[in-house]
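Let me begin by presenting the structure, written as structure tokens, before commenting on it.
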Amino acid sequence: MARFVRKVQLSIAWSLRNSRSEPEIVGGFVEENPDISDLSSKLMLLLAKDVEKSGALFAITAIPSKYRLRNRNRGIETIQYSDKWKEWANAYQVKFFDLTAGFEREAAQGRTVFFDQNIHFNENGHRVVAQELGRELSDIFQEVGVSVP
């Protein structure tokens, strides 16, 4: 019973928070676009510090919006979630792997990167992510003098 009450409470809270805007629904799911909270920012910076203290490079990425890729011709006013993290990364000198260009290239060619009925990558989406991350990692390896085939 407690789980049911909590589920209802969370549903009502979400509805109240989002009642002023039209939800971005794609593939049967509402695509959330939250701002980066102070807590999230602080935790990411702590994680970055710990990773860099170990001698490793700390880098992040965020998945571009499926809704925006599917609705490219609609005038969408808000900044997308992945761009929020890109701006955050730039502000805190954190390496950010931007997947947006690769995803937009595929969308412009009429190729999908997500399954239709959920938010997961299809085979093509995984290929695009691998290509984009491979390109970014190749650049990083070359910067530190490691040859990449």
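Residues are referred to by chain and number: the chain letter is A, B, ... according to the order shown in the structure tokens, the number counts from 1 in that chain, and ligands are numbered separately from 1 in the order shown.
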Could you go through range 24-148 of chain A and tell me which residues DSSP, when run on the backbone, assigns to strand (DSSP E or B), listing them as a PyMOL selection string?
chain A and resi 25-26+29-30+59-61+95-97+114+121
Would you pick out the contacts of Tyr92 in chain A at 12 Å or less, using only C-alpha atoms, so that residues sharing its chain but fewer than 2 positions from it are not included, and give the list as a count of residues only?
19
Give me, as a ChimeraX atom specification, all polymer residues having an atom no more than 8 Å from Val128 in chain A, counting only C-alpha atoms and skipping those fewer than 4 positions away in the same chain.
/A:102-103,113,124,132
Rank A:Asp35, A:Glu104, A:Asn118, A:Ala2 by their smallest atom-to-atom distance to Thr78 in chain A, using only C-alpha atoms, and report the top residue only.
A:Asp35
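The residue that comes closest to Leu69 in chain A, out of A:Val5, A:Ala130, A:Ala56, A:Ala108 and on the basis of only C-alpha atoms, is A:Ala108.
With only C-alpha atoms as the atoms that count, the residue of A:Asp98, A:Phe114, A:Arg105, A:Leu47 with the shortest distance to Gly134 in chain A is A:Asp98.
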Tell me, which residues of range 20-125 of chain A carry DSSP alpha helix (DSSP H), written as a PyMOL selection string?
chain A and resi 38-53+66-70+81-91+100-108+123-125
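Shortest atom-to-atom contact with Gln80 in chain A among A:Ala107, A:Leu133, A:Ala62, A:Leu57: A:Ala62, counting only C-alpha atoms.
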Kindly give the distance, in Å, that separates CA of Lys66 in chain A and CA of Thr112 in chain A, rounded to a single decimal.
9.4 Å
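As for CA of Tyr67 in chain A and CA of Asn33 in chain A, they are spaced 10.7 Å apart.
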